[in-house]
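**Student:** Quick one, protein38.cif (mmCIF, C-alpha atoms and all ligand atoms):
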```cif
data_run
loop_
_atom_site.group_PDB
_atom_site.id
_atom_site.type_symbol
_atom_site.label_atom_id
_atom_site.label_comp_id
_atom_site.auth_asym_id
_atom_site.auth_seq_id
_atom_site.Cartn_x
_atom_site.Cartn_y
_atom_site.Cartn_z
ATOM 1 C CA MET A 3 61.708 -56.628 -130.789
ATOM 2 C CA LEU A 4 64.709 -55.937 -128.541
ATOM 3 C CA LYS A 5 65.728 -59.074 -126.684
ATOM 4 C CA LEU A 6 67.561 -58.979 -123.405
ATOM 5 C CA PHE A 7 69.480 -62.142 -124.132
ATOM 6 C CA GLU A 8 70.423 -64.172 -127.158
ATOM 7 C CA ARG A 9 69.703 -67.876 -126.849
ATOM 8 C CA GLU A 10 69.884 -71.155 -128.651
ATOM 9 C CA GLN A 11 66.460 -72.436 -129.704
ATOM 10 C CA LEU A 12 65.305 -75.784 -128.400
ATOM 11 C CA ASP A 13 62.625 -77.902 -130.002
ATOM 12 C CA LEU A 14 59.959 -78.046 -127.271
ATOM 13 C CA ALA A 15 58.416 -81.201 -128.727
ATOM 14 C CA ARG A 16 61.720 -83.053 -128.558
ATOM 15 C CA LEU A 17 63.259 -81.932 -125.284
ATOM 16 C CA SER A 18 65.309 -84.674 -123.700
ATOM 17 C CA PRO A 19 64.897 -85.354 -119.967
ATOM 18 C CA GLU A 20 68.272 -83.589 -119.460
ATOM 19 C CA GLN A 21 66.919 -80.476 -121.175
ATOM 20 C CA SER A 22 63.596 -80.465 -119.262
ATOM 21 C CA ALA A 23 63.251 -78.761 -115.911
ATOM 22 C CA MET A 24 59.661 -79.962 -115.693
ATOM 23 C CA ASP A 25 57.618 -82.451 -117.638
ATOM 24 C CA VAL A 26 53.915 -81.787 -117.126
ATOM 25 C CA ARG A 27 51.629 -84.641 -118.166
ATOM 26 C CA ASP A 28 47.848 -84.504 -118.405
ATOM 27 C CA LEU A 29 47.541 -82.064 -115.549
ATOM 28 C CA ASN A 30 44.035 -81.265 -114.358
ATOM 29 C CA LEU A 31 43.156 -78.959 -111.489
ATOM 30 C CA ARG A 32 39.811 -78.425 -109.845
ATOM 31 C CA PHE A 33 38.709 -76.042 -107.111
ATOM 32 C CA GLY A 34 35.570 -77.764 -105.826
ATOM 33 C CA GLN A 35 33.295 -78.155 -108.860
ATOM 34 C CA LYS A 36 35.281 -75.653 -110.911
ATOM 35 C CA HIS A 37 37.549 -77.330 -113.464
ATOM 36 C CA VAL A 38 40.383 -74.805 -113.722
ATOM 37 C CA LEU A 39 43.124 -76.576 -115.726
ATOM 38 C CA HIS A 40 42.364 -79.059 -118.515
ATOM 39 C CA ASN A 41 44.851 -81.740 -119.546
ATOM 40 C CA ILE A 42 47.923 -79.529 -119.562
ATOM 41 C CA THR A 43 50.877 -81.309 -121.148
ATOM 42 C CA MET A 44 54.103 -79.402 -121.643
ATOM 43 C CA ARG A 45 57.814 -79.521 -121.022
ATOM 44 C CA ILE A 46 59.526 -76.528 -119.468
ATOM 45 C CA PRO A 47 63.110 -76.201 -120.726
ATOM 46 C CA LYS A 48 65.999 -75.910 -118.274
ATOM 47 C CA HIS A 49 67.873 -72.629 -117.935
ATOM 48 C CA ARG A 50 65.361 -70.753 -120.008
ATOM 49 C CA ILE A 51 62.613 -68.258 -119.185
ATOM 50 C CA THR A 52 59.107 -69.472 -119.969
ATOM 51 C CA ALA A 53 56.208 -67.019 -119.779
ATOM 52 C CA PHE A 54 52.530 -67.815 -119.204
ATOM 53 C CA ILE A 55 50.133 -65.357 -120.798
ATOM 54 C CA GLY A 56 46.359 -65.229 -121.197
ATOM 55 C CA GLN A 57 43.241 -63.428 -120.045
ATOM 56 C CA SER A 58 42.562 -62.830 -116.392
ATOM 57 C CA GLY A 59 41.174 -66.003 -114.834
ATOM 58 C CA CYS A 60 42.506 -68.371 -117.528
ATOM 59 C CA GLY A 61 44.557 -70.300 -114.955
ATOM 60 C CA LYS A 62 48.103 -68.920 -115.251
ATOM 61 C CA SER A 63 48.734 -68.506 -111.513
ATOM 62 C CA SER A 64 46.998 -71.784 -110.706
ATOM 63 C CA LEU A 65 49.276 -73.599 -113.156
ATOM 64 C CA LEU A 66 52.349 -71.910 -111.690
ATOM 65 C CA SER A 67 51.208 -72.907 -108.202
ATOM 66 C CA CYS A 68 50.997 -76.557 -109.277
ATOM 67 C CA PHE A 69 54.769 -76.524 -109.751
ATOM 68 C CA ASN A 70 55.487 -76.291 -106.032
ATOM 69 C CA ARG A 71 52.179 -77.685 -104.793
ATOM 70 C CA MET A 72 50.988 -74.351 -103.404
ATOM 71 C CA ASN A 73 47.438 -75.281 -104.419
ATOM 72 C CA ASP A 74 47.569 -77.912 -101.679
ATOM 73 C CA LEU A 75 46.974 -75.031 -99.273
ATOM 74 C CA ILE A 76 43.480 -74.600 -100.773
ATOM 75 C CA ASP A 77 41.126 -77.129 -99.169
ATOM 76 C CA THR A 78 38.920 -77.556 -102.221
ATOM 77 C CA SER A 79 41.763 -78.153 -104.686
ATOM 78 C CA LYS A 80 42.171 -81.474 -106.436
ATOM 79 C CA THR A 81 45.047 -82.190 -108.808
ATOM 80 C CA GLU A 82 45.394 -85.045 -111.281
ATOM 81 C CA GLY A 83 48.287 -85.819 -113.594
ATOM 82 C CA GLU A 84 52.037 -85.808 -113.248
ATOM 83 C CA ILE A 85 54.707 -83.161 -112.939
ATOM 84 C CA ILE A 86 58.131 -84.706 -113.278
ATOM 85 C CA ILE A 87 61.042 -82.799 -111.771
ATOM 86 C CA ASP A 88 64.444 -84.483 -111.544
ATOM 87 C CA GLY A 89 62.889 -87.804 -112.467
ATOM 88 C CA ARG A 90 60.225 -87.864 -109.741
ATOM 89 C CA ASP A 91 56.522 -87.040 -109.850
ATOM 90 C CA ILE A 92 56.062 -84.155 -107.412
ATOM 91 C CA ASN A 93 52.324 -84.927 -107.239
ATOM 92 C CA SER A 94 53.144 -88.167 -105.485
ATOM 93 C CA LYS A 95 51.845 -88.487 -101.904
ATOM 94 C CA LYS A 96 55.419 -89.202 -100.824
ATOM 95 C CA GLU A 97 56.696 -85.806 -101.972
ATOM 96 C CA ASN A 98 58.430 -83.815 -99.213
ATOM 97 C CA LEU A 99 56.747 -80.418 -99.635
ATOM 98 C CA SER A 100 59.222 -78.277 -97.726
ATOM 99 C CA LEU A 101 62.085 -79.706 -99.761
ATOM 100 C CA LEU A 102 60.085 -79.206 -102.956
ATOM 101 C CA ARG A 103 59.422 -75.566 -102.077
ATOM 102 C CA SER A 104 63.092 -74.885 -101.503
ATOM 103 C CA GLN A 105 63.904 -76.535 -104.834
ATOM 104 C CA VAL A 106 61.086 -74.641 -106.589
ATOM 105 C CA GLY A 107 61.080 -71.097 -105.217
ATOM 106 C CA MET A 108 58.195 -68.679 -105.696
ATOM 107 C CA VAL A 109 57.952 -64.897 -105.814
ATOM 108 C CA PHE A 110 54.615 -63.089 -105.842
ATOM 109 C CA GLN A 111 53.218 -59.906 -107.317
ATOM 110 C CA ARG A 112 53.603 -57.777 -104.192
ATOM 111 C CA PRO A 113 56.984 -57.914 -102.478
ATOM 112 C CA ASN A 114 56.388 -59.733 -99.200
ATOM 113 C CA PRO A 115 59.469 -59.386 -97.001
ATOM 114 C CA PHE A 116 59.005 -60.726 -93.491
ATOM 115 C CA PRO A 117 58.904 -58.141 -90.682
ATOM 116 C CA MET A 118 62.542 -58.654 -89.768
ATOM 117 C CA SER A 119 65.959 -57.447 -90.924
ATOM 118 C CA VAL A 120 67.299 -57.739 -94.460
ATOM 119 C CA TYR A 121 69.779 -60.359 -93.205
ATOM 120 C CA GLU A 122 67.168 -62.450 -91.394
ATOM 121 C CA ASN A 123 64.884 -62.378 -94.437
ATOM 122 C CA VAL A 124 67.559 -63.895 -96.635
ATOM 123 C CA CYS A 125 68.622 -66.605 -94.194
ATOM 124 C CA TYR A 126 65.073 -67.409 -93.027
ATOM 125 C CA GLY A 127 64.794 -70.655 -95.014
ATOM 126 C CA LEU A 128 68.303 -71.753 -94.104
ATOM 127 C CA ARG A 129 67.567 -71.303 -90.410
ATOM 128 C CA LEU A 130 64.408 -73.403 -90.885
ATOM 129 C CA GLN A 131 66.625 -76.062 -92.436
ATOM 130 C CA GLY A 132 68.709 -76.017 -89.247
ATOM 131 C CA VAL A 133 71.736 -74.031 -90.442
ATOM 132 C CA LYS A 134 73.169 -72.302 -87.338
ATOM 133 C CA GLN A 135 76.789 -71.503 -88.104
ATOM 134 C CA ARG A 136 77.204 -67.755 -88.361
ATOM 135 C CA ARG A 137 79.920 -67.968 -90.998
ATOM 136 C CA GLN A 138 77.796 -70.215 -93.220
ATOM 137 C CA LEU A 139 74.787 -67.896 -92.877
ATOM 138 C CA ASP A 140 76.898 -64.795 -93.592
ATOM 139 C CA ASP A 141 78.303 -66.355 -96.758
ATOM 140 C CA ALA A 142 74.893 -67.538 -97.953
ATOM 141 C CA VAL A 143 73.317 -64.119 -97.341
ATOM 142 C CA GLU A 144 76.093 -62.334 -99.208
ATOM 143 C CA GLN A 145 75.973 -64.740 -102.146
ATOM 144 C CA ALA A 146 72.188 -64.620 -102.478
ATOM 145 C CA LEU A 147 72.155 -60.821 -102.314
ATOM 146 C CA ILE A 148 74.892 -60.632 -104.960
ATOM 147 C CA GLU A 149 72.920 -63.003 -107.202
ATOM 148 C CA ALA A 150 69.810 -60.889 -106.704
ATOM 149 C CA ALA A 151 71.796 -57.769 -107.707
ATOM 150 C CA LEU A 152 71.067 -56.162 -104.335
ATOM 151 C CA TRP A 153 74.292 -56.586 -102.348
ATOM 152 C CA ASP A 154 75.840 -53.201 -103.180
ATOM 153 C CA GLU A 155 72.665 -51.394 -102.152
ATOM 154 C CA VAL A 156 72.142 -53.158 -98.827
ATOM 155 C CA LYS A 157 75.544 -54.359 -97.611
ATOM 156 C CA ASP A 158 75.699 -51.486 -95.113
ATOM 157 C CA ARG A 159 72.140 -51.935 -93.882
ATOM 158 C CA LEU A 160 71.846 -55.684 -93.446
ATOM 159 C CA PHE A 161 70.389 -55.337 -89.962
ATOM 160 C CA GLU A 162 67.801 -52.690 -90.796
ATOM 161 C CA PRO A 163 64.168 -53.747 -91.182
ATOM 162 C CA ALA A 164 63.468 -55.069 -94.684
ATOM 163 C CA THR A 165 60.402 -52.836 -94.810
ATOM 164 C CA THR A 166 62.677 -49.775 -95.057
ATOM 165 C CA LEU A 167 63.781 -50.881 -98.557
ATOM 166 C CA SER A 168 62.105 -49.535 -101.706
ATOM 167 C CA GLY A 169 59.534 -51.691 -103.530
ATOM 168 C CA GLY A 170 62.060 -52.789 -106.163
ATOM 169 C CA GLN A 171 64.647 -53.570 -103.501
ATOM 170 C CA GLN A 172 62.070 -55.543 -101.526
ATOM 171 C CA GLN A 173 61.227 -57.609 -104.620
ATOM 172 C CA ARG A 174 64.941 -58.376 -105.160
ATOM 173 C CA LEU A 175 65.215 -59.216 -101.455
ATOM 174 C CA VAL A 176 62.395 -61.740 -101.809
ATOM 175 C CA ILE A 177 64.204 -63.187 -104.836
ATOM 176 C CA ALA A 178 67.397 -63.395 -102.721
ATOM 177 C CA ARG A 179 65.414 -65.196 -100.000
ATOM 178 C CA ALA A 180 64.414 -67.836 -102.560
ATOM 179 C CA LEU A 181 67.936 -67.992 -104.064
ATOM 180 C CA ALA A 182 69.527 -68.652 -100.658
ATOM 181 C CA LEU A 183 67.931 -72.104 -100.815
ATOM 182 C CA LYS A 184 69.615 -72.818 -104.172
ATOM 183 C CA PRO A 185 66.430 -73.490 -106.124
ATOM 184 C CA SER A 186 66.672 -75.150 -109.512
ATOM 185 C CA ILE A 187 63.398 -73.510 -110.567
ATOM 186 C CA LEU A 188 62.110 -70.024 -109.785
ATOM 187 C CA LEU A 189 58.418 -69.215 -110.227
ATOM 188 C CA LEU A 190 57.589 -65.534 -110.642
ATOM 189 C CA ASP A 191 53.923 -64.552 -110.441
ATOM 190 C CA GLU A 192 53.605 -61.096 -112.006
ATOM 191 C CA PRO A 193 56.803 -60.010 -110.239
ATOM 192 C CA THR A 194 56.883 -56.487 -111.666
ATOM 193 C CA SER A 195 53.233 -55.493 -111.858
ATOM 194 C CA ALA A 196 53.527 -53.419 -108.670
ATOM 195 C CA LEU A 197 56.773 -51.733 -109.769
ATOM 196 C CA ASP A 198 57.632 -48.655 -111.829
ATOM 197 C CA PRO A 199 59.168 -49.031 -115.345
ATOM 198 C CA LEU A 200 62.770 -48.449 -114.275
ATOM 199 C CA THR A 201 62.560 -50.942 -111.406
ATOM 200 C CA THR A 202 60.824 -53.361 -113.771
ATOM 201 C CA LEU A 203 63.817 -53.131 -116.101
ATOM 202 C CA ILE A 204 66.180 -53.946 -113.213
ATOM 203 C CA ILE A 205 64.153 -57.073 -112.384
ATOM 204 C CA GLU A 206 63.994 -58.079 -116.062
ATOM 205 C CA GLU A 207 67.780 -57.776 -116.391
ATOM 206 C CA LEU A 208 68.120 -59.793 -113.212
ATOM 207 C CA MET A 209 65.953 -62.568 -114.708
ATOM 208 C CA ALA A 210 68.188 -62.719 -117.785
ATOM 209 C CA GLU A 211 71.170 -63.170 -115.460
ATOM 210 C CA LEU A 212 69.443 -65.667 -113.148
ATOM 211 C CA LYS A 213 68.493 -68.106 -115.881
ATOM 212 C CA LYS A 214 72.159 -69.084 -116.016
ATOM 213 C CA ARG A 215 71.714 -70.686 -112.598
ATOM 214 C CA CYS A 216 68.053 -71.740 -112.608
ATOM 215 C CA THR A 217 64.987 -72.232 -114.755
ATOM 216 C CA ILE A 218 62.465 -69.398 -114.626
ATOM 217 C CA VAL A 219 58.714 -69.507 -115.190
ATOM 218 C CA ILE A 220 56.938 -66.168 -115.144
ATOM 219 C CA VAL A 221 53.267 -65.204 -115.222
ATOM 220 C CA THR A 222 52.803 -61.802 -116.780
ATOM 221 C CA HIS A 223 49.976 -59.625 -118.039
ATOM 222 C CA ASN A 224 52.462 -57.544 -119.914
ATOM 223 C CA MET A 225 52.944 -58.949 -123.398
ATOM 224 C CA GLN A 226 55.857 -56.638 -124.160
ATOM 225 C CA GLN A 227 57.528 -58.056 -121.089
ATOM 226 C CA ALA A 228 56.860 -61.639 -122.158
ATOM 227 C CA ALA A 229 58.264 -60.919 -125.622
ATOM 228 C CA ARG A 230 61.260 -59.084 -124.158
ATOM 229 C CA VAL A 231 62.389 -61.490 -121.494
ATOM 230 C CA SER A 232 61.053 -64.937 -122.239
ATOM 231 C CA ASP A 233 62.541 -67.602 -124.470
ATOM 232 C CA TYR A 234 59.285 -69.565 -124.641
ATOM 233 C CA THR A 235 55.679 -68.507 -124.148
ATOM 234 C CA ALA A 236 52.568 -70.495 -123.331
ATOM 235 C CA PHE A 237 49.171 -68.983 -124.109
ATOM 236 C CA LEU A 238 46.332 -70.273 -121.955
ATOM 237 C CA HIS A 239 42.616 -69.773 -122.495
ATOM 238 C CA GLN A 240 39.945 -70.960 -120.076
ATOM 239 C CA GLY A 241 42.287 -73.455 -118.477
ATOM 240 C CA GLU A 242 43.559 -74.938 -121.726
ATOM 241 C CA LEU A 243 47.014 -74.665 -123.189
ATOM 242 C CA ILE A 244 46.241 -73.223 -126.599
ATOM 243 C CA GLU A 245 49.727 -72.570 -127.919
ATOM 244 C CA TYR A 246 53.241 -73.032 -126.622
ATOM 245 C CA SER A 247 56.311 -72.172 -128.618
ATOM 246 C CA ASP A 248 59.408 -70.046 -128.722
ATOM 247 C CA SER A 249 58.435 -66.473 -127.956
ATOM 248 C CA ASP A 250 59.547 -65.023 -131.296
ATOM 249 C CA THR A 251 57.226 -67.358 -133.181
ATOM 250 C CA LEU A 252 54.312 -66.989 -130.789
ATOM 251 C CA PHE A 253 54.399 -63.202 -130.901
ATOM 252 C CA THR A 254 55.101 -62.787 -134.606
ATOM 253 C CA MET A 255 53.549 -65.833 -136.318
ATOM 254 C CA PRO A 256 51.109 -67.485 -133.916
ATOM 255 C CA ASP A 257 49.698 -70.747 -135.119
ATOM 256 C CA LYS A 258 46.226 -70.449 -133.572
ATOM 257 C CA LYS A 259 43.590 -67.813 -134.213
ATOM 258 C CA GLN A 260 42.861 -67.513 -130.481
ATOM 259 C CA THR A 261 46.511 -66.656 -129.812
ATOM 260 C CA GLU A 262 46.523 -64.086 -132.591
ATOM 261 C CA ASP A 263 43.318 -62.509 -131.293
ATOM 262 C CA TYR A 264 44.804 -62.274 -127.814
ATOM 263 C CA ILE A 265 48.194 -60.850 -128.745
ATOM 264 C CA THR A 266 46.663 -58.338 -131.140
ATOM 265 C CA GLY A 267 44.286 -57.196 -128.421
ATOM 266 C CA ARG A 268 41.086 -58.422 -130.055
ATOM 267 C CA TYR A 269 40.009 -59.822 -126.727
ATOM 268 C CA GLY A 270 41.274 -59.928 -123.183
HETATM 269 N N1 LIG A 301 41.141 -70.467 -104.134
HETATM 270 C C1 LIG A 301 40.310 -70.581 -105.172
HETATM 271 N N2 LIG A 301 39.082 -71.131 -105.024
HETATM 272 C C2 LIG A 301 38.236 -71.243 -106.077
HETATM 273 N N3 LIG A 301 38.522 -70.830 -107.328
HETATM 274 C C3 LIG A 301 39.726 -70.273 -107.523
HETATM 275 C C4 LIG A 301 40.680 -70.110 -106.474
HETATM 276 N N4 LIG A 301 41.786 -69.523 -106.998
HETATM 277 C C5 LIG A 301 41.530 -69.326 -108.307
HETATM 278 N N5 LIG A 301 40.300 -69.758 -108.625
HETATM 279 C C6 LIG A 301 39.672 -69.749 -109.941
HETATM 280 O O1 LIG A 301 40.517 -70.431 -110.835
HETATM 281 C C7 LIG A 301 40.492 -69.806 -112.108
HETATM 282 C C8 LIG A 301 41.924 -69.494 -112.519
HETATM 283 O O2 LIG A 301 42.427 -68.499 -111.646
HETATM 284 P P1 LIG A 301 43.926 -67.989 -111.744
HETATM 285 O O3 LIG A 301 44.164 -67.050 -110.616
HETATM 286 O O4 LIG A 301 44.821 -69.142 -111.889
HETATM 287 O O5 LIG A 301 43.892 -67.190 -113.130
HETATM 288 P P2 LIG A 301 44.939 -66.192 -113.728
HETATM 289 O O6 LIG A 301 44.989 -66.482 -115.192
HETATM 290 O O7 LIG A 301 46.215 -66.259 -112.985
HETATM 291 O O8 LIG A 301 44.223 -64.799 -113.466
HETATM 292 P P3 LIG A 301 44.819 -63.345 -113.207
HETATM 293 O O9 LIG A 301 45.536 -62.995 -114.461
HETATM 294 O O10 LIG A 301 43.614 -62.502 -112.987
HETATM 295 O O11 LIG A 301 45.716 -63.427 -112.008
HETATM 296 C C9 LIG A 301 39.609 -68.584 -111.982
HETATM 297 O O12 LIG A 301 38.332 -68.921 -112.458
HETATM 298 C C10 LIG A 301 39.579 -68.327 -110.504
HETATM 299 O O13 LIG A 301 38.365 -67.723 -110.132
#
```
Can the structure from this file be put into structure tokens for me?

**Tutor:**
Amino acid sequence: MLKLFEREQLDLARLSPEQSAMDVRDLNLRFGQKHVLHNITMRIPKHRITAFIGQSGCGKSSLLSCFNRMNDLIDTSKTEGEIIIDGRDINSKKENLSLLRSQVGMVFQRPNPFPMSVYENVCYGLRLQGVKQRRQLDDAVEQALIEAALWDEVKDRLFEPATTLSGGQQQRLVIARALALKPSILLLDEPTSALDPLTTLIIEELMAELKKRCTIVIVTHNMQQAARVSDYTAFLHQGELIEYSDSDTLFTMPDKKQTEDYITGRYG
């Protein structure tokens, strides 16, 4: 299988704290009576792309949303267990959620630019953080758009409405909006499922570039995509982590029968 990036393999079972972007310990998630995630324990390696795959409803997006406490927005949600990022448990009551969400950025399936200019979209979070200096905002916008591989396409239309951009440009704009806050982790929830194949390739190449500056976790329904872009893949089934390994092994020599059945299309 063609890989977008060569990489050194890490032993997931022996990741040191320095190599781990996140250390998830005995994570359980419930929505009301529904037990959605069961005792998830895993370490997500730094500066790598980790993909979550599994049947619809198995809990991929819910797990991703635990990583920046987005499930807190759902009244019925209840989380147990620890998620250690930079040595602190983000599930602690003391966690500052707006800081967490700038450190752990999130991009959704449908591009969701705000109804404002390209420029204002990118500096939105910085303005919320109180940055006012024009020069500082200009520099941050330019840098984030360069990192999101969008600068050349929009540098002459920074003050046009973001909604005038194409779907693929809007998705890169949303990525730039997250990057402007200098996240150490970027969560991508099916970021290309609404995009055509060529635009998908642009976003995939961007991910390969972005992992040099942050850790990426992606939920995808597209197994070719997971095999192409991700270094590590986690297969979930009914809220349980069934198998988690480097992507080459998981897609060519899965350890568990359930994984094999899923990747060979026997169910799901
Ligand atoms: N707000 C909510 N309230 C109650 N149950 C929810 C809520 N959000 C998700 N669920 C349930 O949690 C389970 C996991 O959903 P989740 O969206 O995480 O799965 P998924 O694997 O990402 O699915 P898909 O691939 O279809 O997006 C499902 O049974 C879903 O119905």

**Student:** Could you check how far atom CA of A:Ile87 sits from atom CA of A:Leu66, in Å to one decimal?

**Tutor:** 13.9 Å

**Student:** What residues have any atom no more than 8 Å from ligand LIG 301 (chain A) when counting only C-alpha atoms and all ligand atoms, and can you list them as number ranges by chain?

**Tutor:** A: 33-34, 36-39, 55-65, 73, 76, 78-79, 221-223, 238, 240-241

**Student:** A:Tyr234: which residues within 10 Å, counting only C-alpha atoms, same-chain residues fewer than 4 positions away excluded, as number ranges by chain?

**Tutor:** A: 11-12, 14, 46-47, 50-54, 219, 228-229, 246-252

**Student:** Write a file of the selected residues as a compact mmCIF listing (two decimals), in the coordinates of the input, keeping C-alpha atoms.

**Tutor:**
```
# COMPACT_ATOMS: atom_id res chain seq x y z
CA GLN A 11 66.46 -72.44 -129.70
CA LEU A 12 65.31 -75.78 -128.40
CA LEU A 14 59.96 -78.05 -127.27
CA ILE A 46 59.53 -76.53 -119.47
CA PRO A 47 63.11 -76.20 -120.73
CA ARG A 50 65.36 -70.75 -120.01
CA ILE A 51 62.61 -68.26 -119.18
CA THR A 52 59.11 -69.47 -119.97
CA ALA A 53 56.21 -67.02 -119.78
CA PHE A 54 52.53 -67.82 -119.20
CA VAL A 219 58.71 -69.51 -115.19
CA ALA A 228 56.86 -61.64 -122.16
CA ALA A 229 58.26 -60.92 -125.62
CA TYR A 246 53.24 -73.03 -126.62
CA SER A 247 56.31 -72.17 -128.62
CA ASP A 248 59.41 -70.05 -128.72
CA SER A 249 58.44 -66.47 -127.96
CA ASP A 250 59.55 -65.02 -131.30
CA THR A 251 57.23 -67.36 -133.18
CA LEU A 252 54.31 -66.99 -130.79
```

**Student:** Starting from the shown file, work through the PyMOL selection byres (((chain A and resi 203) around 12) and not hetatm) and note down what comes out as a PyMOL selection string.

**Tutor:** chain A and resi 6+170+193-195+197-202+204-210+226-227+230-231

**Student:** Which residues match the PyMOL selection byres (((chain A and resi 214) around 12) and not hetatm) in the file above, as an NGL selection string?

**Tutor:** :A and (7 or 9 or 48-51 or 149 or 186-188 or 208-213 or 215-218)

**Student:** Return as CSV the residues of stretch 56-91 of chain A lying at most 9 Å from stretch 101-110 of chain A, together with the closest atom-to-atom pair for each and the distance in Å to one decimal, counting only C-alpha atoms, with rows in chain order and ascending residue number.

**Tutor:**
```
residue,atom,partner,partner_atom,distance
A:Leu66,CA,A:Met108,CA,9.0
A:Ser67,CA,A:Met108,CA,8.5
A:Phe69,CA,A:Val106,CA,7.3
A:Asn70,CA,A:Arg103,CA,5.6
A:Arg71,CA,A:Arg103,CA,8.0
A:Met72,CA,A:Arg103,CA,8.6
```

**Student:** Quick one: write out the picked residues with C-alpha atoms as a PDB file, keeping the file's coordinate frame?

**Tutor:**
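Done, and the output landed in part.pdb:
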```
ATOM      1  CA  LEU A  66      52.349 -71.910-111.690  1.00  0.00           C
ATOM      2  CA  SER A  67      51.208 -72.907-108.202  1.00  0.00           C
ATOM      3  CA  PHE A  69      54.769 -76.524-109.751  1.00  0.00           C
ATOM      4  CA  ASN A  70      55.487 -76.291-106.032  1.00  0.00           C
ATOM      5  CA  ARG A  71      52.179 -77.685-104.793  1.00  0.00           C
ATOM      6  CA  MET A  72      50.988 -74.351-103.404  1.00  0.00           C
TER       7      MET A  72
END
```

**Student:** So that I can check the surroundings of A:Gly127, please list as an NGL selection string every protein, DNA and RNA residue that reaches within 10 Å of it, counting only C-alpha atoms and ignoring chain neighbours fewer than 5 positions away.

**Tutor:** :A and (100 or 104 or 122 or 132-133 or 179-183)

**Student:** Nearest to A:Gln111 among A:Pro19, A:Gln173, A:Glu192, A:Thr254, with distances taken over all atoms listed in the file: which residue is it?

**Tutor:**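 Once distances to A:Gln111 are computed over all atoms listed in the file, the minimum belongs to A:Glu192.
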
**Student:** Between A:Ala23, A:Ala178, A:Ala236, A:Ala196, which is the closest to A:Pro256 once you count only C-alpha atoms?

**Tutor:**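 Closest candidate: A:Ala236.
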
**Student:** Taking 2 positions as the minimum chain separation for residues in the same chain, which residues sit within 6 Å of A:Ile220 when counting all atoms listed in the file? Answer as a PyMOL selection string.

**Tutor:** chain A and resi 53+189-191

**Student:** Tell me which of A:Asn98, A:Asp233, A:Val176, A:Val143 sits closest to A:Leu160, counting all atoms listed in the file.

**Tutor:**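 That would be A:Val143, the residue with the smallest distance to A:Leu160.
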
**Student:** Can you pull out every residue within 9 Å of A:Met118, counting only C-alpha atoms, but drop anything in the same chain fewer than 4 positions away, and send it as a PyMOL selection string?

**Tutor:** chain A and resi 122-123+161-165

**Student:** What gap, in Å, lies between atom CA of A:Leu29 and atom CA of A:Ile42?

**Tutor:**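 These atoms are spaced 4.8 Å apart.
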